[in-house]
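Quick look at data.txt (compact mmCIF, C-alpha atoms and all ligand atoms):
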```txt
# COMPACT_ATOMS: atom_id res chain seq x y z
CA MET A 10 -73.51 250.24 76.75
CA SER A 11 -72.07 247.81 74.24
CA SER A 12 -71.03 249.16 70.87
CA PRO A 13 -73.30 248.19 67.97
CA LEU A 14 -70.12 247.52 65.98
CA SER A 15 -68.92 245.02 68.54
CA ARG A 16 -72.29 243.29 68.43
CA GLU A 17 -72.51 243.22 64.65
CA PRO A 18 -70.17 240.27 64.06
CA VAL A 19 -72.06 238.24 66.66
CA SER A 20 -75.25 238.41 64.67
CA ALA A 21 -73.59 238.38 61.27
CA LEU A 22 -73.99 234.64 60.85
CA PRO A 23 -77.10 232.61 61.58
CA GLY A 24 -76.62 230.27 64.49
CA THR A 25 -73.72 232.12 66.05
CA ASP A 26 -75.62 232.57 69.27
CA THR A 27 -74.80 228.95 70.00
CA GLY A 28 -71.20 229.41 68.84
CA THR A 29 -71.28 225.94 67.33
CA ASP A 30 -70.95 226.92 63.68
CA THR A 31 -67.73 225.80 62.05
CA GLU A 32 -67.01 229.29 60.72
CA THR A 33 -66.37 230.76 64.16
CA ALA A 34 -63.06 230.38 66.00
CA VAL A 35 -64.00 232.44 69.06
CA LEU A 36 -67.25 233.97 70.21
CA LEU A 37 -67.65 236.24 73.21
CA SER A 38 -71.16 237.14 74.31
CA GLU A 39 -71.69 239.94 76.85
CA VAL A 40 -68.54 239.08 78.77
CA HIS A 41 -67.94 240.85 82.07
CA ARG A 42 -64.77 240.62 84.16
CA GLY A 43 -64.07 242.85 87.13
CA TYR A 44 -61.17 243.15 89.55
CA SER A 45 -61.17 244.49 93.03
CA ASP A 46 -58.48 247.19 93.32
CA GLY A 47 -58.84 248.11 96.99
CA ASP A 48 -61.09 251.15 96.41
CA GLY A 49 -63.74 249.15 94.60
CA LEU A 50 -64.37 247.08 91.53
CA VAL A 51 -62.69 247.86 88.19
CA ALA A 52 -64.77 246.70 85.22
CA ALA A 53 -61.89 245.44 83.06
CA LEU A 54 -64.43 243.98 80.59
CA ALA A 55 -67.84 245.61 80.66
CA GLY A 56 -70.05 243.56 78.35
CA VAL A 57 -67.84 242.60 75.42
CA SER A 58 -69.35 240.76 72.47
CA LEU A 59 -67.17 239.70 69.59
CA ARG A 60 -67.00 237.03 66.92
CA VAL A 61 -63.64 236.05 65.43
CA PRO A 62 -64.20 234.12 62.19
CA ARG A 63 -61.93 231.17 61.40
CA GLY A 64 -59.10 232.12 59.10
CA SER A 65 -59.06 235.76 60.19
CA PHE A 66 -56.44 238.01 61.79
CA LEU A 67 -57.75 240.38 64.45
CA ALA A 68 -55.65 243.05 66.17
CA VAL A 69 -56.75 244.53 69.50
CA MET A 70 -55.68 248.08 70.33
CA GLY A 71 -56.65 250.70 72.87
CA PRO A 72 -55.26 252.94 75.58
CA SER A 73 -53.49 251.51 78.61
CA GLY A 74 -56.01 249.94 81.00
CA SER A 75 -58.73 249.63 78.35
CA GLY A 76 -59.00 245.85 78.86
CA LYS A 77 -56.89 244.35 76.05
CA SER A 78 -54.98 241.86 78.21
CA THR A 79 -58.12 240.94 80.09
CA LEU A 80 -59.88 240.27 76.79
CA LEU A 81 -57.01 238.05 75.66
CA ASN A 82 -56.89 236.23 79.00
CA CYS A 83 -60.65 235.61 79.07
CA ALA A 84 -60.92 234.63 75.39
CA SER A 85 -58.05 232.14 75.75
CA GLY A 86 -59.20 230.56 79.01
CA LEU A 87 -56.23 231.89 80.98
CA ASP A 88 -58.71 233.75 83.17
CA ALA A 89 -62.31 233.02 84.17
CA VAL A 90 -65.15 235.42 83.32
CA ASP A 91 -67.64 236.80 85.87
CA SER A 92 -70.56 236.50 83.46
CA GLY A 93 -71.25 236.05 79.78
CA ARG A 94 -70.04 233.30 77.52
CA VAL A 95 -66.79 232.42 75.76
CA MET A 96 -66.89 229.78 73.02
CA VAL A 97 -63.66 228.54 71.46
CA GLY A 98 -64.05 226.25 68.48
CA GLY A 99 -67.58 225.39 69.60
CA THR A 100 -66.65 224.61 73.23
CA ASP A 101 -68.08 226.79 75.98
CA ILE A 102 -64.94 227.47 78.04
CA SER A 103 -66.72 229.82 80.43
CA THR A 104 -68.16 226.80 82.21
CA LEU A 105 -64.92 224.77 82.28
CA LYS A 106 -63.27 224.38 85.67
CA GLU A 107 -59.60 223.65 86.34
CA PRO A 108 -57.85 221.39 85.40
CA ASN A 109 -60.08 220.99 82.33
CA ARG A 110 -59.52 224.61 81.29
CA THR A 111 -55.74 224.11 81.33
CA GLN A 112 -56.06 220.93 79.30
CA PHE A 113 -58.34 222.71 76.85
CA ARG A 114 -55.77 225.48 76.38
CA ARG A 115 -52.98 222.97 75.79
CA ASP A 116 -54.99 221.11 73.19
CA ARG A 117 -56.76 223.90 71.37
CA VAL A 118 -55.09 227.30 71.90
CA GLY A 119 -51.67 228.61 70.85
CA PHE A 120 -49.84 231.50 72.52
CA VAL A 121 -47.13 233.87 71.32
CA PHE A 122 -45.64 236.28 73.86
CA GLN A 123 -43.48 239.38 73.61
CA ALA A 124 -40.66 237.63 75.52
CA TYR A 125 -40.93 234.44 73.36
CA ASN A 126 -41.16 232.23 76.52
CA LEU A 127 -39.04 229.44 75.08
CA VAL A 128 -37.55 226.90 77.49
CA SER A 129 -33.87 227.91 77.65
CA THR A 130 -32.52 224.38 78.24
CA LEU A 131 -34.31 222.87 75.23
CA THR A 132 -33.34 223.06 71.56
CA ALA A 133 -35.61 224.91 69.14
CA GLU A 134 -36.95 221.55 67.94
CA ASP A 135 -37.76 220.34 71.45
CA ASN A 136 -39.44 223.67 72.25
CA ILE A 137 -41.61 223.23 69.17
CA THR A 138 -42.69 219.69 70.03
CA LEU A 139 -43.20 220.36 73.76
CA PRO A 140 -46.90 221.33 73.48
CA LEU A 141 -47.52 218.24 71.36
CA ARG A 142 -46.02 216.08 74.08
CA LEU A 143 -48.19 217.80 76.70
CA SER A 144 -51.44 217.70 74.72
CA ASP A 145 -53.65 214.92 73.46
CA ARG A 146 -53.00 215.97 69.88
CA ARG A 147 -51.00 213.67 67.63
CA MET A 148 -47.93 215.03 65.89
CA ASP A 149 -48.42 215.76 62.20
CA PRO A 150 -44.79 215.81 60.99
CA GLU A 151 -45.70 217.24 57.57
CA TRP A 152 -47.56 220.15 59.16
CA VAL A 153 -44.73 220.95 61.56
CA ARG A 154 -42.08 220.59 58.82
CA GLY A 155 -44.07 222.97 56.62
CA LEU A 156 -44.26 225.52 59.42
CA VAL A 157 -40.53 225.26 60.12
CA GLU A 158 -39.76 225.85 56.44
CA ARG A 159 -42.20 228.72 56.20
CA MET A 160 -40.60 230.41 59.21
CA GLY A 161 -37.09 229.86 57.79
CA ILE A 162 -35.71 228.18 60.93
CA GLY A 163 -34.83 224.76 59.47
CA GLU A 164 -31.10 225.37 60.00
CA ARG A 165 -31.54 226.44 63.61
CA LEU A 166 -33.52 223.52 65.06
CA ARG A 167 -30.65 222.06 67.09
CA HIS A 168 -29.80 225.37 68.70
CA ARG A 169 -30.92 226.56 72.12
CA PRO A 170 -32.78 229.89 72.43
CA ALA A 171 -29.67 231.79 73.61
CA GLU A 172 -28.00 230.88 70.30
CA LEU A 173 -30.82 232.41 68.23
CA SER A 174 -31.62 236.02 67.34
CA GLY A 175 -34.80 237.57 68.76
CA GLY A 176 -36.54 237.21 65.41
CA GLN A 177 -35.54 233.55 65.15
CA GLN A 178 -36.72 232.88 68.71
CA GLN A 179 -40.08 234.44 67.93
CA ARG A 180 -40.40 232.39 64.75
CA VAL A 181 -39.69 229.23 66.78
CA ALA A 182 -42.39 230.38 69.22
CA ILE A 183 -44.83 230.84 66.32
CA VAL A 184 -44.18 227.30 65.07
CA ARG A 185 -44.65 226.03 68.63
CA ALA A 186 -47.98 227.90 68.90
CA LEU A 187 -49.22 226.45 65.60
CA ALA A 188 -47.82 222.92 65.99
CA THR A 189 -51.02 221.52 67.51
CA ARG A 190 -53.17 223.14 64.76
CA PRO A 191 -55.00 225.12 67.45
CA ASP A 192 -58.43 226.65 67.01
CA ILE A 193 -56.81 230.01 67.60
CA VAL A 194 -53.47 231.67 68.35
CA PHE A 195 -53.35 234.57 70.81
CA ALA A 196 -50.35 236.85 70.42
CA ASP A 197 -49.50 239.45 73.06
CA GLU A 198 -47.23 242.19 71.63
CA PRO A 199 -45.39 239.57 69.53
CA THR A 200 -43.07 242.14 67.97
CA GLY A 201 -42.58 244.37 71.04
CA ALA A 202 -39.00 243.17 71.59
CA LEU A 203 -37.93 243.02 67.93
CA ASP A 204 -36.15 245.52 65.71
CA ALA A 205 -38.18 247.05 62.88
CA GLU A 206 -37.06 244.62 60.17
CA SER A 207 -37.59 241.48 62.30
CA ALA A 208 -40.95 242.84 63.38
CA ARG A 209 -42.03 243.42 59.80
CA ARG A 210 -40.97 239.91 58.78
CA THR A 211 -42.64 238.28 61.79
CA LEU A 212 -45.93 240.08 61.14
CA ALA A 213 -45.86 239.20 57.44
CA LEU A 214 -45.36 235.53 58.40
CA LEU A 215 -48.25 235.67 60.86
CA ARG A 216 -50.45 237.13 58.16
CA ASP A 217 -49.33 234.35 55.78
CA VAL A 218 -50.31 231.55 58.16
CA VAL A 219 -53.77 233.13 58.30
CA ASP A 220 -54.14 233.74 54.56
CA ASP A 221 -52.40 230.58 53.28
CA LEU A 222 -53.06 228.02 56.02
CA GLY A 223 -56.43 229.23 57.31
CA GLN A 224 -55.18 229.75 60.87
CA THR A 225 -56.82 232.29 63.18
CA VAL A 226 -54.82 234.92 65.08
CA VAL A 227 -55.82 237.49 67.70
CA MET A 228 -53.00 239.91 68.50
CA VAL A 229 -52.84 242.58 71.20
CA THR A 230 -50.52 245.41 70.20
CA HIS A 231 -49.73 249.06 70.91
CA ASP A 232 -48.13 249.47 67.48
CA PRO A 233 -50.42 250.79 64.70
CA ARG A 234 -48.05 249.38 62.04
CA ALA A 235 -48.37 245.92 63.60
CA ALA A 236 -52.16 246.19 63.82
CA ALA A 237 -52.34 247.30 60.18
CA THR A 238 -51.06 243.81 59.21
CA ALA A 239 -54.30 242.28 60.54
CA HIS A 240 -57.59 242.12 58.63
CA THR A 241 -59.52 243.92 61.35
CA THR A 242 -58.66 245.93 64.44
CA ALA A 243 -60.91 245.97 67.51
CA VAL A 244 -60.42 249.24 69.39
CA MET A 245 -61.05 249.03 73.11
CA ALA A 246 -61.80 251.77 75.64
CA GLY A 247 -63.16 251.46 79.16
CA GLY A 248 -63.57 247.69 78.99
CA GLN A 249 -65.61 247.76 75.80
CA ILE A 250 -65.02 247.37 72.08
CA VAL A 251 -65.82 250.82 70.74
CA ASP A 252 -64.79 250.33 67.13
CA LEU A 253 -64.09 247.55 64.64
CA MET A 254 -61.89 248.92 61.84
CA ARG A 255 -61.55 246.80 58.72
CA GLN A 256 -58.21 246.93 56.88
CA PRO A 257 -57.22 250.23 58.49
CA SER A 258 -53.92 251.88 57.61
CA ALA A 259 -51.33 252.49 60.33
CA SER A 260 -52.10 256.20 60.15
CA ASP A 261 -55.88 255.57 60.51
CA LEU A 262 -55.10 253.59 63.66
CA ALA A 263 -52.64 256.14 65.05
CA GLU A 264 -55.26 258.84 64.57
CA ARG A 265 -57.96 256.74 66.26
CA LEU A 266 -55.70 256.09 69.25
CA ALA A 267 -54.67 259.74 69.48
CA SER A 268 -58.37 260.63 69.84
CA PHE A 269 -58.35 258.92 73.27
CA GLU A 270 -55.43 261.05 74.44
CA GLN A 271 -57.30 264.22 73.45
CA SER A 272 -60.60 263.21 75.07
N1 LIG A 301 -55.27 241.24 88.33
C1 LIG A 301 -55.79 242.46 88.41
N2 LIG A 301 -56.11 243.02 89.59
C2 LIG A 301 -56.67 244.26 89.67
N3 LIG A 301 -56.95 245.02 88.58
C3 LIG A 301 -56.65 244.53 87.38
C4 LIG A 301 -56.05 243.23 87.20
N4 LIG A 301 -55.87 243.01 85.88
C5 LIG A 301 -56.32 244.12 85.26
N5 LIG A 301 -56.78 245.03 86.14
C6 LIG A 301 -57.39 246.32 85.82
O1 LIG A 301 -58.32 246.12 84.78
C7 LIG A 301 -58.23 247.18 83.82
C8 LIG A 301 -57.90 246.59 82.45
O2 LIG A 301 -56.58 246.06 82.51
P1 LIG A 301 -55.86 245.38 81.27
O3 LIG A 301 -54.54 244.90 81.75
O4 LIG A 301 -56.78 244.39 80.66
O5 LIG A 301 -55.69 246.61 80.27
P2 LIG A 301 -54.75 246.75 78.98
O6 LIG A 301 -55.56 247.47 77.97
O7 LIG A 301 -54.19 245.44 78.62
O8 LIG A 301 -53.59 247.70 79.53
P3 LIG A 301 -52.06 247.87 79.03
O9 LIG A 301 -52.10 248.40 77.63
O10 LIG A 301 -51.51 248.91 79.99
O11 LIG A 301 -51.40 246.54 79.16
C9 LIG A 301 -57.19 248.15 84.35
O12 LIG A 301 -57.86 249.16 85.07
C10 LIG A 301 -56.35 247.30 85.26
O13 LIG A 301 -55.76 248.07 86.29
```

Same coordinates, now as structure tokens:
Amino acid sequence: MSSPLSREPVSALPGTDTGTDTETAVLLSEVHRGYSDGDGLVAALAGVSLRVPRGSFLAVMGPSGSGKSTLLNCASGLDAVDSGRVMVGGTDISTLKEPNRTQFRRDRVGFVFQAYNLVSTLTAEDNITLPLRLSDRRMDPEWVRGLVERMGIGERLRHRPAELSGGQQQRVAIVRALATRPDIVFADEPTGALDAESARRTLALLRDVVDDLGQTVVMVTHDPRAAATAHTTAVMAGGQIVDLMRQPSASDLAERLASFEQS
């Protein structure tokens, strides 16, 4: 059974069944992904449908094993789906084979990870421009300069990651993710390794790049305060989206998650 709420955004705009409208960053239609775990097949995604509008910030929450990472991996083209369709910026990535899927990710998708994943031997600046050198996208110096200023790392560009605080490293990683002007940025627990103040600042900056620059962010998190920074939170359980909460408070989200522990 797929939740009516998870279907609703799919049909909210005319023409979204083709995923080619310019208002949609990512569209998942009835996506299934299973894994064999020895005893049988685990349905990590059991018919997920979701539309992420351009210029929106979506958080994904849910109990452990509910399918959040699998959703992120399938929506970003890191993993293949068993069935269903994944459209990113109008391209059907569910039919792309390697190495085209890897090239697509480099050109069109940005990633932010909990552990920053910066290259330790490169300066902050070289980390930022690395995806541009690997992709077919041309460097837009004004765009990158604007991002660097916005993230407050202009003074740290010649430093290597080990010479930066965790918050600074994550802000470098955010500039790197946005440098190619991707169709979408996927963030996996981006504040999981940060102290409360750095986390708050990082989330506020992520929200700003959505609201001010029209970027699109999908963020997996266990932290209700982090999710409350997003416009909408998709709540997952058992490989499905069971709720879409718009502008929830952190306490609304904590309560919703606690309901899974009680059931
Ligand atoms: N590579 C894999 N091989 C086998 N099973 C997998 C694999 N990846 C995920 N699973 C299973 O699929 C289900 C969903 O996993 P997933 O990692 O997407 O959940 P999650 O919500 O991200 O969990 P967590 O919050 O603990 O990170 C789980 O039952 C998990 O054990």

- Write out as a VMD selection string the residues lying within 9 Å of Val157 of chain A, counting only C-alpha atoms and excluding same-chain residues fewer than 3 positions away. chain A and resid 152 to 154 160 to 163 166 180 to 181 184

- Message: I want to know what sits within 12 Å of segment 248-259 of chain A, based on all atoms listed in the file, with residues of the same chain fewer than 5 positions away left out; could you give that as a PyMOL selection string?
- Response: chain A and resi 10-18+37+39-44+51-61+65-80+231-243+264-266+269

- Nearest residue to ligand LIG 301 (chain A) from the set A:Arg216, A:Thr189, A:Thr230, A:Arg159 (distances using all atoms listed in the file): A:Thr230

- Query: If we count all atoms listed in the file, what is near Gly223 of chain A at a cut-off of 10 Å, once residues fewer than 2 positions away on the same chain are taken out, given as a list in words?
  - Reply: Arg63, Gly64, Ser65, Phe66, Arg216, Asp217, Val218, Val219, Asp220, Asp221, Thr225 and Val226 of chain A

- Residue with the minimum atom-to-atom distance to ligand LIG 301 (chain A), picked from A:Gly176, A:Gly86, A:Pro62, A:Gly49 with all atoms listed in the file counted, is A:Gly49

- Message: Counting all atoms listed in the file, which residues have an atom no more than 8 Å from (-54.9, 225.7, 72.4) in the file's coordinates? Please list them as a ChimeraX atom specification.
- Response: /A:85,113-120,189,191-194

Export of prior selection with C-alpha atoms as a PDB file, keeping the file's coordinate frame:
```pdb
ATOM      1  CA  SER A  85     -58.050 232.140  75.750  1.00  0.00           C
ATOM      2  CA  PHE A 113     -58.340 222.710  76.850  1.00  0.00           C
ATOM      3  CA  ARG A 114     -55.770 225.480  76.380  1.00  0.00           C
ATOM      4  CA  ARG A 115     -52.980 222.970  75.790  1.00  0.00           C
ATOM      5  CA  ASP A 116     -54.990 221.110  73.190  1.00  0.00           C
ATOM      6  CA  ARG A 117     -56.760 223.900  71.370  1.00  0.00           C
ATOM      7  CA  VAL A 118     -55.090 227.300  71.900  1.00  0.00           C
ATOM      8  CA  GLY A 119     -51.670 228.610  70.850  1.00  0.00           C
ATOM      9  CA  PHE A 120     -49.840 231.500  72.520  1.00  0.00           C
ATOM     10  CA  THR A 189     -51.020 221.520  67.510  1.00  0.00           C
ATOM     11  CA  PRO A 191     -55.000 225.120  67.450  1.00  0.00           C
ATOM     12  CA  ASP A 192     -58.430 226.650  67.010  1.00  0.00           C
ATOM     13  CA  ILE A 193     -56.810 230.010  67.600  1.00  0.00           C
ATOM     14  CA  VAL A 194     -53.470 231.670  68.350  1.00  0.00           C
TER      15      VAL A 194
END
```

Residues proximal to (-36.4, 231.0, 70.0) were defined as those with any atom within 9 Å of that point in the file's coordinates, counting only C-alpha atoms. Which are they, as a PDB file with C-alpha atoms, keeping the file's coordinate frame?
```pdb
ATOM      1  CA  TYR A 125     -40.930 234.440  73.360  1.00  0.00           C
ATOM      2  CA  ASN A 126     -41.160 232.230  76.520  1.00  0.00           C
ATOM      3  CA  LEU A 127     -39.040 229.440  75.080  1.00  0.00           C
ATOM      4  CA  VAL A 128     -37.550 226.900  77.490  1.00  0.00           C
ATOM      5  CA  SER A 129     -33.870 227.910  77.650  1.00  0.00           C
ATOM      6  CA  THR A 132     -33.340 223.060  71.560  1.00  0.00           C
ATOM      7  CA  ALA A 133     -35.610 224.910  69.140  1.00  0.00           C
ATOM      8  CA  ASN A 136     -39.440 223.670  72.250  1.00  0.00           C
ATOM      9  CA  HIS A 168     -29.800 225.370  68.700  1.00  0.00           C
ATOM     10  CA  ARG A 169     -30.920 226.560  72.120  1.00  0.00           C
ATOM     11  CA  PRO A 170     -32.780 229.890  72.430  1.00  0.00           C
ATOM     12  CA  ALA A 171     -29.670 231.790  73.610  1.00  0.00           C
ATOM     13  CA  GLU A 172     -28.000 230.880  70.300  1.00  0.00           C
ATOM     14  CA  LEU A 173     -30.820 232.410  68.230  1.00  0.00           C
ATOM     15  CA  SER A 174     -31.620 236.020  67.340  1.00  0.00           C
ATOM     16  CA  GLY A 175     -34.800 237.570  68.760  1.00  0.00           C
ATOM     17  CA  GLY A 176     -36.540 237.210  65.410  1.00  0.00           C
ATOM     18  CA  GLN A 177     -35.540 233.550  65.150  1.00  0.00           C
ATOM     19  CA  GLN A 178     -36.720 232.880  68.710  1.00  0.00           C
ATOM     20  CA  GLN A 179     -40.080 234.440  67.930  1.00  0.00           C
ATOM     21  CA  ARG A 180     -40.400 232.390  64.750  1.00  0.00           C
ATOM     22  CA  VAL A 181     -39.690 229.230  66.780  1.00  0.00           C
ATOM     23  CA  ALA A 182     -42.390 230.380  69.220  1.00  0.00           C
TER      24      ALA A 182
END
```

- Query: With all atoms listed in the file as the basis for distance, which of A:Glu158, A:Glu270, A:Glu107, A:Asp88 is at the shortest distance from ligand LIG 301 (chain A)?
  - Reply: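 Result for the nearest residue to ligand LIG 301 (chain A): A:Asp88.
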
- Length of the atom CA of Ala202 of chain A to atom CA of Ala124 of chain A vector [Å]: 7.0 Å

- Of the candidates A:Asp48, A:Arg146, A:Glu134, A:Phe195, which shows the shortest atom-to-atom distance to Leu87 of chain A, using only C-alpha atoms? A:Phe195

- Message: Just to confirm, what's the straight-line distance from atom CA of Ile183 of chain A to atom CA of Val121 of chain A in Å (one decimal)?
- Response: 6.3 Å

- Query: In Å, with one decimal, what is the gap from atom CA of Ser103 of chain A to atom P2 of ligand LIG 301 (chain A)?
  - Reply: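 These atoms are spaced 20.8 Å apart.
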
Where atoms are missing, can you supply N, CA and C atoms for segment 159-176 of chain A and output the lot as a PDB file, keeping the file's coordinate frame?
```pdb
ATOM      1  N   ARG A 159     -41.564 227.423  56.414  1.00  0.00           N
ATOM      2  CA  ARG A 159     -42.200 228.720  56.200  1.00  0.00           C
ATOM      3  C   ARG A 159     -41.550 229.803  57.056  1.00  0.00           C
ATOM      4  N   MET A 160     -41.192 229.440  58.291  1.00  0.00           N
ATOM      5  CA  MET A 160     -40.600 230.410  59.210  1.00  0.00           C
ATOM      6  C   MET A 160     -39.086 230.553  59.015  1.00  0.00           C
ATOM      7  N   GLY A 161     -38.515 229.722  58.116  1.00  0.00           N
ATOM      8  CA  GLY A 161     -37.090 229.860  57.790  1.00  0.00           C
ATOM      9  C   GLY A 161     -36.178 229.527  58.968  1.00  0.00           C
ATOM     10  N   ILE A 162     -36.543 228.524  59.770  1.00  0.00           N
ATOM     11  CA  ILE A 162     -35.710 228.180  60.930  1.00  0.00           C
ATOM     12  C   ILE A 162     -35.172 226.757  60.847  1.00  0.00           C
ATOM     13  N   GLY A 163     -35.255 226.145  59.655  1.00  0.00           N
ATOM     14  CA  GLY A 163     -34.830 224.760  59.470  1.00  0.00           C
ATOM     15  C   GLY A 163     -33.378 224.521  59.880  1.00  0.00           C
ATOM     16  N   GLU A 164     -32.525 225.529  59.675  1.00  0.00           N
ATOM     17  CA  GLU A 164     -31.100 225.370  60.000  1.00  0.00           C
ATOM     18  C   GLU A 164     -30.812 225.600  61.480  1.00  0.00           C
ATOM     19  N   ARG A 165     -31.797 226.029  62.213  1.00  0.00           N
ATOM     20  CA  ARG A 165     -31.540 226.440  63.610  1.00  0.00           C
ATOM     21  C   ARG A 165     -32.177 225.495  64.628  1.00  0.00           C
ATOM     22  N   LEU A 166     -32.703 224.356  64.166  1.00  0.00           N
ATOM     23  CA  LEU A 166     -33.520 223.520  65.060  1.00  0.00           C
ATOM     24  C   LEU A 166     -32.743 222.902  66.206  1.00  0.00           C
ATOM     25  N   ARG A 167     -31.427 222.691  66.013  1.00  0.00           N
ATOM     26  CA  ARG A 167     -30.650 222.060  67.090  1.00  0.00           C
ATOM     27  C   ARG A 167     -30.035 223.065  68.043  1.00  0.00           C
ATOM     28  N   HIS A 168     -30.355 224.335  67.828  1.00  0.00           N
ATOM     29  CA  HIS A 168     -29.800 225.370  68.700  1.00  0.00           C
ATOM     30  C   HIS A 168     -30.727 225.670  69.873  1.00  0.00           C
ATOM     31  N   ARG A 169     -30.125 226.123  70.958  1.00  0.00           N
ATOM     32  CA  ARG A 169     -30.920 226.560  72.120  1.00  0.00           C
ATOM     33  C   ARG A 169     -31.280 228.037  71.928  1.00  0.00           C
ATOM     34  N   PRO A 170     -32.316 228.515  72.630  1.00  0.00           N
ATOM     35  CA  PRO A 170     -32.780 229.890  72.430  1.00  0.00           C
ATOM     36  C   PRO A 170     -31.671 230.943  72.505  1.00  0.00           C
ATOM     37  N   ALA A 171     -30.720 230.772  73.450  1.00  0.00           N
ATOM     38  CA  ALA A 171     -29.670 231.790  73.610  1.00  0.00           C
ATOM     39  C   ALA A 171     -28.792 231.903  72.362  1.00  0.00           C
ATOM     40  N   GLU A 172     -28.822 230.861  71.512  1.00  0.00           N
ATOM     41  CA  GLU A 172     -28.000 230.880  70.300  1.00  0.00           C
ATOM     42  C   GLU A 172     -28.780 231.399  69.084  1.00  0.00           C
ATOM     43  N   LEU A 173     -29.977 231.906  69.326  1.00  0.00           N
ATOM     44  CA  LEU A 173     -30.820 232.410  68.230  1.00  0.00           C
ATOM     45  C   LEU A 173     -31.046 233.903  68.388  1.00  0.00           C
ATOM     46  N   SER A 174     -31.256 234.595  67.267  1.00  0.00           N
ATOM     47  CA  SER A 174     -31.620 236.020  67.340  1.00  0.00           C
ATOM     48  C   SER A 174     -33.050 236.136  67.889  1.00  0.00           C
ATOM     49  N   GLY A 175     -33.430 237.344  68.271  1.00  0.00           N
ATOM     50  CA  GLY A 175     -34.800 237.570  68.760  1.00  0.00           C
ATOM     51  C   GLY A 175     -35.842 237.163  67.732  1.00  0.00           C
ATOM     52  N   GLY A 176     -35.589 237.551  66.474  1.00  0.00           N
ATOM     53  CA  GLY A 176     -36.540 237.210  65.410  1.00  0.00           C
ATOM     54  C   GLY A 176     -36.660 235.707  65.232  1.00  0.00           C
TER      55      GLY A 176
END
```
